[in-house]
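**Student:** Here you go, this is input_35.txt (compact mmCIF, C-alpha atoms).
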# COMPACT_ATOMS: atom_id res chain seq x y z
CA MET A 1 116.80 126.94 91.47
CA SER A 2 117.70 123.38 90.46
CA ASN A 3 116.10 121.88 87.38
CA PHE A 4 116.53 118.27 88.55
CA VAL A 5 112.74 118.21 88.93
CA LEU A 6 110.44 120.40 86.84
CA PHE A 7 107.15 121.50 88.37
CA GLN A 8 104.06 122.92 86.70
CA GLU A 9 100.43 123.46 87.59
CA SER A 10 98.02 122.86 84.72
CA LYS A 11 94.58 124.41 84.89
CA CYS A 12 91.55 122.21 84.29
CA GLN A 13 88.42 123.41 82.52
CA ASN A 14 86.60 123.94 85.81
CA GLY A 15 89.50 125.92 87.32
CA LYS A 16 91.02 123.15 89.44
CA LEU A 17 94.77 122.49 89.10
CA VAL A 18 96.81 119.40 88.36
CA GLY A 19 100.28 119.45 89.92
CA ILE A 20 102.83 117.83 87.59
CA ALA A 21 106.35 116.88 88.73
CA THR A 22 108.74 115.80 85.97
CA LEU A 23 112.00 114.07 86.91
CA ASN A 24 114.82 115.72 84.98
CA ASN A 25 118.16 114.03 85.62
CA PRO A 26 118.61 112.40 82.19
CA LYS A 27 122.34 111.62 82.38
CA ALA A 28 121.63 109.35 85.36
CA LEU A 29 118.32 108.01 83.98
CA ASN A 30 116.61 110.12 86.66
CA ALA A 31 118.43 108.40 89.53
CA LEU A 32 117.42 110.23 92.69
CA ASN A 33 119.86 112.46 94.52
CA THR A 34 119.18 114.30 97.76
CA GLU A 35 118.23 117.51 95.99
CA MET A 36 115.61 115.74 93.86
CA VAL A 37 114.13 114.02 96.90
CA GLU A 38 113.84 117.27 98.86
CA LEU A 39 112.39 119.18 95.92
CA LEU A 40 109.68 116.53 95.54
CA LEU A 41 109.03 116.29 99.27
CA ASN A 42 108.55 120.03 99.68
CA LYS A 43 106.39 120.46 96.57
CA LEU A 44 104.13 117.51 97.37
CA LYS A 45 103.57 118.89 100.85
CA GLN A 46 102.70 122.26 99.34
CA TRP A 47 100.25 120.71 96.85
CA GLN A 48 98.71 118.62 99.61
CA GLY A 49 97.71 121.81 101.43
CA ASP A 50 96.55 123.69 98.34
CA SER A 51 92.78 123.30 97.91
CA ARG A 52 93.06 124.31 94.25
CA VAL A 53 95.12 121.21 93.41
CA ALA A 54 92.89 118.21 92.70
CA LEU A 55 95.58 115.62 91.94
CA VAL A 56 99.30 115.15 91.35
CA ILE A 57 101.16 113.51 88.47
CA LEU A 58 104.73 112.17 88.74
CA GLN A 59 106.39 111.55 85.39
CA SER A 60 109.56 111.60 83.28
CA ASP A 61 110.12 112.98 79.82
CA LEU A 62 112.61 110.19 79.12
CA GLN A 63 111.26 107.36 76.99
CA LYS A 64 113.95 105.08 78.42
CA ALA A 65 113.28 105.54 82.11
CA PHE A 66 110.96 106.86 84.77
CA CYS A 67 113.66 106.49 87.45
CA ALA A 68 116.58 104.07 87.54
CA GLY A 69 117.06 104.15 91.33
CA GLY A 70 119.05 106.19 93.80
CA ASP A 71 122.36 107.93 93.27
CA VAL A 72 124.49 105.10 94.66
CA VAL A 73 127.68 106.45 93.08
CA SER A 74 127.49 109.50 95.36
CA MET A 75 126.79 107.16 98.27
CA TYR A 76 129.89 105.15 97.35
CA HIS A 77 132.09 108.24 97.59
CA ALA A 78 130.51 109.10 100.95
CA MET A 79 131.18 105.57 102.22
CA THR A 80 134.82 105.55 101.08
CA SER A 81 135.37 108.79 102.97
CA LYS A 82 134.44 106.90 106.14
CA ASN A 83 135.69 103.40 105.39
CA GLU A 84 138.84 102.16 103.67
CA GLN A 85 138.06 100.59 100.30
CA GLY A 86 137.83 96.84 100.47
CA LYS A 87 137.55 96.79 104.27
CA PHE A 88 134.59 95.05 105.90
CA ASN A 89 133.64 96.41 109.28
CA LYS A 90 131.20 94.17 111.07
CA ASP A 91 131.95 96.03 114.31
CA ALA A 92 131.16 99.51 112.96
CA THR A 93 129.08 101.81 115.12
CA TYR A 94 126.52 104.31 113.95
CA HIS A 95 129.10 107.03 114.46
CA ASP A 96 130.56 105.55 111.27
CA ILE A 97 127.42 106.30 109.24
CA PRO A 98 128.24 108.91 106.58
CA PRO A 99 125.89 111.77 107.54
CA GLU A 100 124.94 112.47 103.93
CA ILE A 101 123.76 108.88 103.51
CA GLN A 102 121.66 108.96 106.68
CA HIS A 103 120.14 112.23 105.49
CA PHE A 104 119.40 110.89 101.99
CA PHE A 105 117.67 107.73 103.19
CA THR A 106 115.72 109.62 105.87
CA GLN A 107 114.39 112.14 103.35
CA GLU A 108 113.73 109.49 100.70
CA TYR A 109 111.65 107.40 103.08
CA ARG A 110 109.73 110.49 104.22
CA LEU A 111 108.91 111.19 100.57
CA ASP A 112 107.89 107.60 99.84
CA TYR A 113 105.75 107.47 102.97
CA LEU A 114 104.07 110.75 102.01
CA ILE A 115 103.15 109.31 98.60
CA HIS A 116 101.74 106.15 100.21
CA THR A 117 99.57 108.22 102.56
CA TYR A 118 98.72 111.18 100.28
CA SER A 119 95.07 112.13 100.54
CA LYS A 120 94.81 113.39 96.97
CA PRO A 121 95.16 111.10 93.95
CA VAL A 122 98.74 110.57 92.78
CA LEU A 123 99.23 109.26 89.25
CA VAL A 124 102.64 107.88 88.25
CA TRP A 125 103.33 107.46 84.54
CA GLY A 126 105.87 104.63 84.76
CA GLN A 127 107.43 104.28 81.34
CA GLY A 128 110.72 102.51 80.73
CA ILE A 129 113.02 101.62 83.63
CA ILE A 130 111.58 101.72 87.14
CA MET A 131 114.14 100.43 89.60
CA GLY A 132 115.03 100.84 93.26
CA GLY A 133 114.22 104.39 94.29
CA GLY A 134 111.95 104.74 91.26
CA LEU A 135 109.83 101.92 92.60
CA GLY A 136 109.79 103.74 95.93
CA LEU A 137 108.14 106.69 94.18
CA SER A 138 105.69 104.61 92.18
CA SER A 139 104.69 101.81 94.56
CA GLY A 140 102.77 104.06 96.95
CA ALA A 141 100.90 106.09 94.34
CA SER A 142 97.15 105.68 94.13
CA HIS A 143 97.16 105.29 90.32
CA ARG A 144 100.21 103.49 88.91
CA ILE A 145 100.44 103.30 85.14
CA VAL A 146 102.92 101.09 83.30
CA THR A 147 103.43 100.86 79.56
CA PRO A 148 104.29 97.84 77.37
CA ARG A 149 107.97 98.87 77.57
CA SER A 150 108.15 99.28 81.34
CA ARG A 151 110.86 97.26 83.07
CA ILE A 152 110.72 97.09 86.85
CA ALA A 153 113.20 95.65 89.35
CA MET A 154 114.68 95.84 92.81
CA PRO A 155 118.20 94.74 91.78
CA GLU A 156 119.99 95.58 95.04
CA VAL A 157 121.36 92.04 95.37
CA SER A 158 123.91 93.02 92.71
CA ILE A 159 125.27 95.92 94.81
CA GLY A 160 125.09 94.51 98.34
CA LEU A 161 122.15 96.63 99.49
CA TYR A 162 118.60 95.18 99.81
CA PRO A 163 115.09 96.05 98.52
CA ASP A 164 114.39 99.19 100.56
CA VAL A 165 112.04 102.14 99.77
CA GLY A 166 109.15 100.18 101.30
CA GLY A 167 110.09 96.75 99.97
CA SER A 168 109.37 95.26 103.40
CA TRP A 169 105.78 96.36 102.81
CA PHE A 170 105.05 95.83 99.12
CA LEU A 171 107.05 92.62 98.60
CA ASN A 172 105.04 91.07 101.44
CA LYS A 173 101.75 91.97 99.69
CA MET A 174 102.52 89.91 96.59
CA PRO A 175 101.26 86.40 95.76
CA GLN A 176 103.08 83.68 97.66
CA GLY A 177 106.79 83.51 96.95
CA CYS A 178 106.91 86.41 94.51
CA GLY A 179 108.40 88.98 96.88
CA MET A 180 111.11 86.61 98.09
CA PHE A 181 112.06 85.69 94.53
CA LEU A 182 112.20 89.28 93.28
CA GLY A 183 114.28 90.33 96.28
CA ILE A 184 116.76 87.46 96.21
CA THR A 185 117.27 87.45 92.43
CA GLY A 186 116.65 91.13 91.60
CA ALA A 187 114.69 89.85 88.60
CA SER A 188 113.41 92.40 86.10
CA VAL A 189 109.67 92.25 85.44
CA THR A 190 107.36 93.53 82.73
CA ALA A 191 104.17 95.56 82.87
CA ASP A 192 102.13 92.34 82.96
CA ASP A 193 104.21 91.03 85.86
CA ALA A 194 103.77 94.33 87.70
CA LEU A 195 100.01 94.13 87.36
CA TYR A 196 99.99 90.52 88.53
CA VAL A 197 102.02 91.18 91.70
CA GLY A 198 100.32 94.49 92.55
CA LEU A 199 103.05 96.95 91.60
CA ALA A 200 100.86 98.63 88.98
CA ASP A 201 97.18 99.34 88.41
CA PHE A 202 96.86 100.08 84.68
CA LYS A 203 98.69 99.22 81.47
CA VAL A 204 98.45 102.01 78.91
CA ASP A 205 100.15 102.49 75.55
CA ASN A 206 102.64 105.32 75.64
CA ASP A 207 100.92 106.99 72.67
CA GLN A 208 97.80 107.34 74.84
CA LYS A 209 99.53 109.59 77.35
CA ASP A 210 98.43 112.87 75.77
CA ALA A 211 94.85 111.65 75.39
CA LEU A 212 94.71 110.63 79.05
CA TYR A 213 96.19 113.94 80.18
CA ASP A 214 93.68 115.83 78.02
CA SER A 215 90.84 113.92 79.64
CA ILE A 216 92.25 114.81 83.07
CA LEU A 217 92.21 118.52 82.22
CA GLU A 218 88.64 118.24 80.94
CA ALA A 219 87.31 116.42 84.01
CA ASN A 220 85.07 118.06 86.58
CA TRP A 221 87.27 117.75 89.68
CA GLN A 222 85.79 118.47 93.10
CA ASP A 223 87.01 119.31 96.61
CA ASP A 224 86.18 115.72 97.57
CA ASP A 225 89.33 113.53 97.47
CA GLU A 226 87.34 110.30 97.38
CA TYR A 227 85.34 111.51 94.39
CA ASN A 228 88.55 112.57 92.64
CA HIS A 229 90.13 109.16 93.25
CA ASP A 230 87.14 107.45 91.65
CA GLN A 231 87.10 109.91 88.74
CA LEU A 232 90.78 109.32 87.99
CA THR A 233 90.25 105.56 88.11
CA LEU A 234 87.54 105.83 85.45
CA LEU A 235 89.77 107.94 83.21
CA CYS A 236 92.69 105.50 83.52
CA GLU A 237 90.42 102.53 82.82
CA ALA A 238 89.11 104.21 79.68
CA HIS A 239 92.62 104.27 78.21
CA SER A 240 93.87 100.92 79.54
CA LEU A 241 94.87 97.87 77.55
CA ASP A 242 93.36 94.46 78.22
CA ILE A 243 95.50 92.30 80.51
CA GLU A 244 96.22 88.60 80.27
CA ALA A 245 97.85 87.11 83.36
CA SER A 246 99.38 84.41 81.14
CA ASP A 247 101.64 87.08 79.61
CA SER A 248 103.38 87.42 82.98
CA ASN A 249 106.64 85.53 83.60
CA ILE A 250 105.84 85.48 87.31
CA TYR A 251 102.38 84.05 86.73
CA ARG A 252 103.81 81.27 84.56
CA HIS A 253 106.33 80.37 87.29
CA GLN A 254 104.00 80.87 90.25
CA SER A 255 104.07 77.22 91.34
CA LEU A 256 107.90 77.21 91.32
CA LEU A 257 108.07 80.42 93.35
CA SER A 258 105.61 79.01 95.88
CA GLU A 259 107.70 75.84 96.24
CA LEU A 260 110.93 77.80 96.67
CA ASN A 261 109.25 79.94 99.31
CA GLN A 262 108.72 76.87 101.51
CA LEU A 263 112.45 76.25 101.88
CA GLU A 264 113.90 77.13 105.27
CA SER A 265 117.37 78.34 104.39
CA VAL A 266 118.55 80.89 101.85
CA GLN A 267 121.26 78.46 100.77
CA GLY A 268 118.62 75.80 100.15
CA TYR A 269 116.57 78.35 98.18
CA CYS A 270 119.51 79.23 95.91
CA ASP A 271 120.57 75.60 95.46
CA ALA A 272 117.02 74.60 94.49
CA LEU A 273 116.70 77.49 92.04
CA LEU A 274 119.97 76.55 90.37
CA THR A 275 118.82 72.95 89.84
CA VAL A 276 115.76 74.05 87.82
CA ASP A 277 116.05 73.32 84.11
CA ALA A 278 115.80 76.82 82.66
CA GLU A 279 116.98 76.03 79.13
CA GLY A 280 115.24 78.35 76.71
CA ASP A 281 113.73 80.43 79.53
CA LYS A 282 115.82 83.64 79.47
CA TRP A 283 114.01 85.18 82.44
CA LEU A 284 114.72 82.23 84.69
CA GLU A 285 118.26 81.87 83.36
CA LYS A 286 118.97 85.50 84.34
CA ALA A 287 117.61 84.81 87.83
CA GLN A 288 119.97 81.86 88.18
CA GLU A 289 122.92 83.98 87.07
CA ALA A 290 121.90 86.66 89.55
CA VAL A 291 122.11 84.34 92.57
CA LYS A 292 125.57 83.23 91.42
CA TYR A 293 126.73 86.86 91.24
CA GLY A 294 124.74 88.53 94.01
CA SER A 295 125.59 89.35 97.60
CA PRO A 296 124.99 86.46 100.05
CA ILE A 297 124.41 89.05 102.79
CA THR A 298 121.69 90.74 100.71
CA MET A 299 119.98 87.40 100.11
CA ASN A 300 119.84 86.73 103.84
CA LEU A 301 118.69 90.30 104.53
CA VAL A 302 115.81 89.87 102.08
CA LYS A 303 114.53 86.82 103.89
CA GLN A 304 114.77 88.50 107.29
CA GLN A 305 113.24 91.80 106.20
CA LEU A 306 110.21 89.95 104.82
CA ILE A 307 109.84 87.85 107.96
CA ARG A 308 110.22 90.84 110.29
CA GLY A 309 108.14 93.15 108.11
CA ARG A 310 105.21 90.76 107.72
CA ASP A 311 103.17 92.15 110.61
CA LEU A 312 104.52 95.71 110.67
CA SER A 313 102.61 98.83 109.71
CA LEU A 314 103.83 100.87 106.75
CA ALA A 315 105.42 103.41 109.09
CA GLU A 316 107.17 100.64 111.05
CA CYS A 317 108.52 99.17 107.80
CA PHE A 318 110.14 102.46 106.84
CA LYS A 319 111.60 102.87 110.33
CA MET A 320 113.08 99.37 110.14
CA GLU A 321 114.48 100.01 106.68
CA LEU A 322 116.25 103.20 107.77
CA VAL A 323 118.07 101.16 110.41
CA ILE A 324 119.08 98.48 107.86
CA SER A 325 120.15 101.03 105.24
CA CYS A 326 122.37 102.93 107.66
CA ARG A 327 123.94 99.66 108.75
CA CYS A 328 124.56 98.74 105.09
CA ALA A 329 126.44 102.03 104.75
CA THR A 330 128.88 101.01 107.51
CA PHE A 331 129.46 97.32 106.88
CA GLY A 332 131.31 97.52 103.54
CA GLU A 333 129.24 95.10 101.42
CA PHE A 334 127.22 97.89 99.79
CA GLN A 335 130.39 99.86 99.16
CA GLU A 336 132.08 96.87 97.52
CA GLY A 337 129.05 96.06 95.38
CA VAL A 338 128.86 99.58 93.95
CA ARG A 339 132.61 99.57 93.33
CA ALA A 340 132.46 96.37 91.29
CA LEU A 341 129.38 97.26 89.26
CA LEU A 342 129.59 101.02 88.76
CA ILE A 343 133.00 102.41 89.78
CA ASP A 344 135.71 100.01 88.59
CA LYS A 345 133.16 98.05 86.53
CA ASP A 346 135.11 94.81 86.88
CA ASN A 347 131.93 92.88 87.81
CA ASN A 348 134.01 90.95 90.33
CA PRO A 349 132.82 91.91 93.82
CA ASN A 350 134.75 90.57 96.77
CA TRP A 351 131.69 89.81 98.91
CA TRP A 352 132.18 89.40 102.64
CA ALA A 353 130.76 85.87 102.40
CA LYS A 354 131.04 83.55 99.41
CA ARG A 355 127.80 81.63 99.97
CA PRO A 356 124.54 82.41 101.80
CA GLU A 357 125.25 79.65 104.33
CA ASP A 358 128.45 81.46 105.37
CA VAL A 359 126.45 84.38 106.79
CA SER A 360 125.63 83.89 110.47
CA GLU A 361 122.37 84.85 112.14
CA ALA A 362 124.33 87.20 114.38
CA ILE A 363 125.63 89.16 111.39
CA ILE A 364 122.15 89.55 109.93
CA ASP A 365 120.65 90.43 113.33
CA SER A 366 123.16 93.27 113.64
CA PHE A 367 121.63 95.00 110.62
CA PHE A 368 118.35 95.37 112.53
CA VAL A 369 119.75 96.89 115.74
CA SER A 370 118.68 100.53 115.94
CA PRO A 371 121.20 103.10 117.15
CA TRP A 372 118.44 105.42 118.25
CA ALA A 373 115.95 105.45 121.07
CA GLU A 374 112.40 105.28 119.72
CA ASP A 375 111.76 108.99 120.24
CA GLN A 376 115.09 109.87 118.61
CA HIS A 377 114.61 107.82 115.45
CA PRO A 378 114.79 110.18 112.45
CA LEU A 379 111.38 108.85 111.29
CA SER A 380 109.73 108.92 114.71
CA ASN A 381 107.23 111.49 113.46
CA ILE A 382 105.64 109.22 110.86
CA LYS A 383 102.71 107.33 112.30
CA GLY A 384 100.17 104.72 111.29
CA GLY A 385 99.96 103.25 107.82
Rewrite the structure of this file - the entire thing - as structure tokens.

**Tutor:**
Amino acid sequence: MSNFVLFQESKCQNGKLVGIATLNNPKALNALNTEMVELLLNKLKQWQGDSRVALVILQSDLQKAFCAGGDVVSMYHAMTSKNEQGKFNKDATYHDIPPEIQHFFTQEYRLDYLIHTYSKPVLVWGQGIIMGGGLGLSSGASHRIVTPRSRIAMPEVSIGLYPDVGGSWFLNKMPQGCGMFLGITGASVTADDALYVGLADFKVDNDQKDALYDSILEANWQDDDEYNHDQLTLLCEAHSLDIEASDSNIYRHQSLLSELNQLESVQGYCDALLTVDAEGDKWLEKAQEAVKYGSPITMNLVKQQLIRGRDLSLAECFKMELVISCRCATFGEFQEGVRALLIDKDNNPNWWAKRPEDVSEAIIDSFFVSPWAEDQHPLSNIKGG
């Protein structure tokens, strides 16, 4: 039995159970591999059907990270087995999709969708780094806790992927311009930012974790999911810190993000961002550096995924993202981005295009073309949302 995820069931005073899943892949900062995803998916389904379990907690014992993303190094090796290193293949077919990558993304999106639609309360204790796949786990939970040291990002622009794991859904729910900015720049945000844009519900000091968990075990949980949701909200609120929107970098730059969002082209967006005087503003300076380094294909994908995802249901967003992710695994941009950042670590990716304006609409459209008939889509069984 793998110990990548540790499971326990803690008994409450009234006999109800709390299911606790602890991510346990410390060498990779809890980056998700296929085994972790499937362990979580199977256990959450089991707890969903167990009337004794009142709620579920997802956590990490690492102070440094809840989850730093997905295991993209393993994906890189799967991609190189199918595609020569350094080769871009804009004409690849879905027969070129590494099967292990299709399986990983399919299972990951099933897990994320399950969390979004879980009937019982799901509390995520989001301390430290929450990136990529970690945000997929946390964004759909009913009770999302961040701590003063939480750092959250969808930094896929630096590896030639795009903000998946439901990004088409949750980035579109943010205040105007915020989702586009976070996707195009991969900017890291704080707990206050996360609360402002709707990626978190409560800010709690890390030293209050035991006190909150004790109160959960002492609570009088019922068989009524709605009652239990309300009860958990009260307990989280009792341990929460006061929030000031002015402490959020995003809030302070909201007018700029709204203005950038009005620009038609991705190239125009990047050019306008780079002309902003960011002297002394480290957060904005990092965003400017990110658009100089990041993948022009990713930047264009972000804009299109938000446009196309705007009116989709949650289930439709995940179905669309599985198509895009599989296409990313065949094109070569994702492979090259991981090589430069994590394999050779030369930080010098040879992107397919040098500037966002060099990426044609036809290239971006190809990332959205499904290889499957609707009833053969690997996520065809998820509905609604």

**Student:** Restricting the calculation to all atoms listed in the file: of A:Leu111, A:Val73, A:Ile159, A:Val204, which residue gets closest to Trp125 of chain A?

**Tutor:**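 Going through A:Leu111, A:Val73, A:Ile159, A:Val204 one by one, the smallest distance to Trp125 of chain A is for A:Val204.
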
**Student:** So how far away is atom CA of Tyr227 of chain A from atom CA of Arg110 of chain A, in Å?

**Tutor:**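 So the two atoms, atom CA of Arg110 of chain A and atom CA of Tyr227 of chain A, lie 26.3 Å apart.
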
**Student:** Looking at all atoms listed in the file, which of A:Met131, A:Leu62, A:Leu137, A:Met180 is the one that sits closest to Gln304 of chain A?

**Tutor:**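 Counting all atoms listed in the file, the residue closest to Gln304 of chain A is A:Met180.
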
**Student:** Give me the segment 184-215 of chain A side of the contact with segment 293-301 of chain A, cut-off 12 Å, one line per residue showing its nearest atom pair and distance in Å at one decimal, counting only C-alpha atoms, sorted by chain and residue number, as a tab-separated table.

**Tutor:**
residue	atom	partner	partner_atom	distance
A:Ile184	CA	A:Met299	CA	5.1
A:Thr185	CA	A:Gly294	CA	7.7
A:Gly186	CA	A:Gly294	CA	8.8
A:Ala187	CA	A:Gly294	CA	11.5

**Student:** Mind working out the centre and edge lengths of an axis-aligned box for segment 326-345 of chain A, all listed atoms inside, 6 Å added to each side, rounded to one decimal in Å and written as AutoDock Vina command-line options?

**Tutor:**
--center_x 129.0 --center_y 99.0 --center_z 97.6 --size_x 25.3 --size_y 19.8 --size_z 34.2

**Student:** Determine, counting all atoms listed in the file, which protein, DNA and RNA residues have an atom within 12 Å of an atom of Phe367 of chain A; residues of the same chain fewer than 2 positions away are not included. Present the result as a PyMOL selection string.

**Tutor:** chain A and resi 90-94+161-162+297-298+300-302+304-305+320-331+333+360-365+369-371

**Student:** Check the smallest atom-to-atom distance from each of A:Ile216, A:Val197, A:Met79, A:Ile250 to Gly19 of chain A using all atoms listed in the file, then report the winner.

**Tutor:** A:Ile216

**Student:** Go ahead and compute the interatomic distance for atom CA of Leu41 of chain A and atom CA of Asp112 of chain A, in Å to one decimal.

**Tutor:**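 Taking atom CA of Leu41 of chain A and atom CA of Asp112 of chain A, their separation equals 8.8 Å.
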
**Student:** Have a look at atom CA of Arg308 of chain A and atom CA of Glu259 of chain A and let me know their distance in Å, one decimal.

**Tutor:** 20.7 Å

**Student:** Which of these residues is nearest to Lys286 of chain A, using all atoms listed in the file: A:Val122, A:Gln222, A:Pro155, A:Asn25?

**Tutor:**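 Smallest distance to Lys286 of chain A is found for A:Pro155.
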
**Student:** With distances taken over all atoms listed in the file, which of A:Glu289, A:Glu108, A:Asn33, A:Lys354 is nearest to Leu379 of chain A?

**Tutor:**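 Of the candidates, the smallest distance to Leu379 of chain A is held by A:Glu108.
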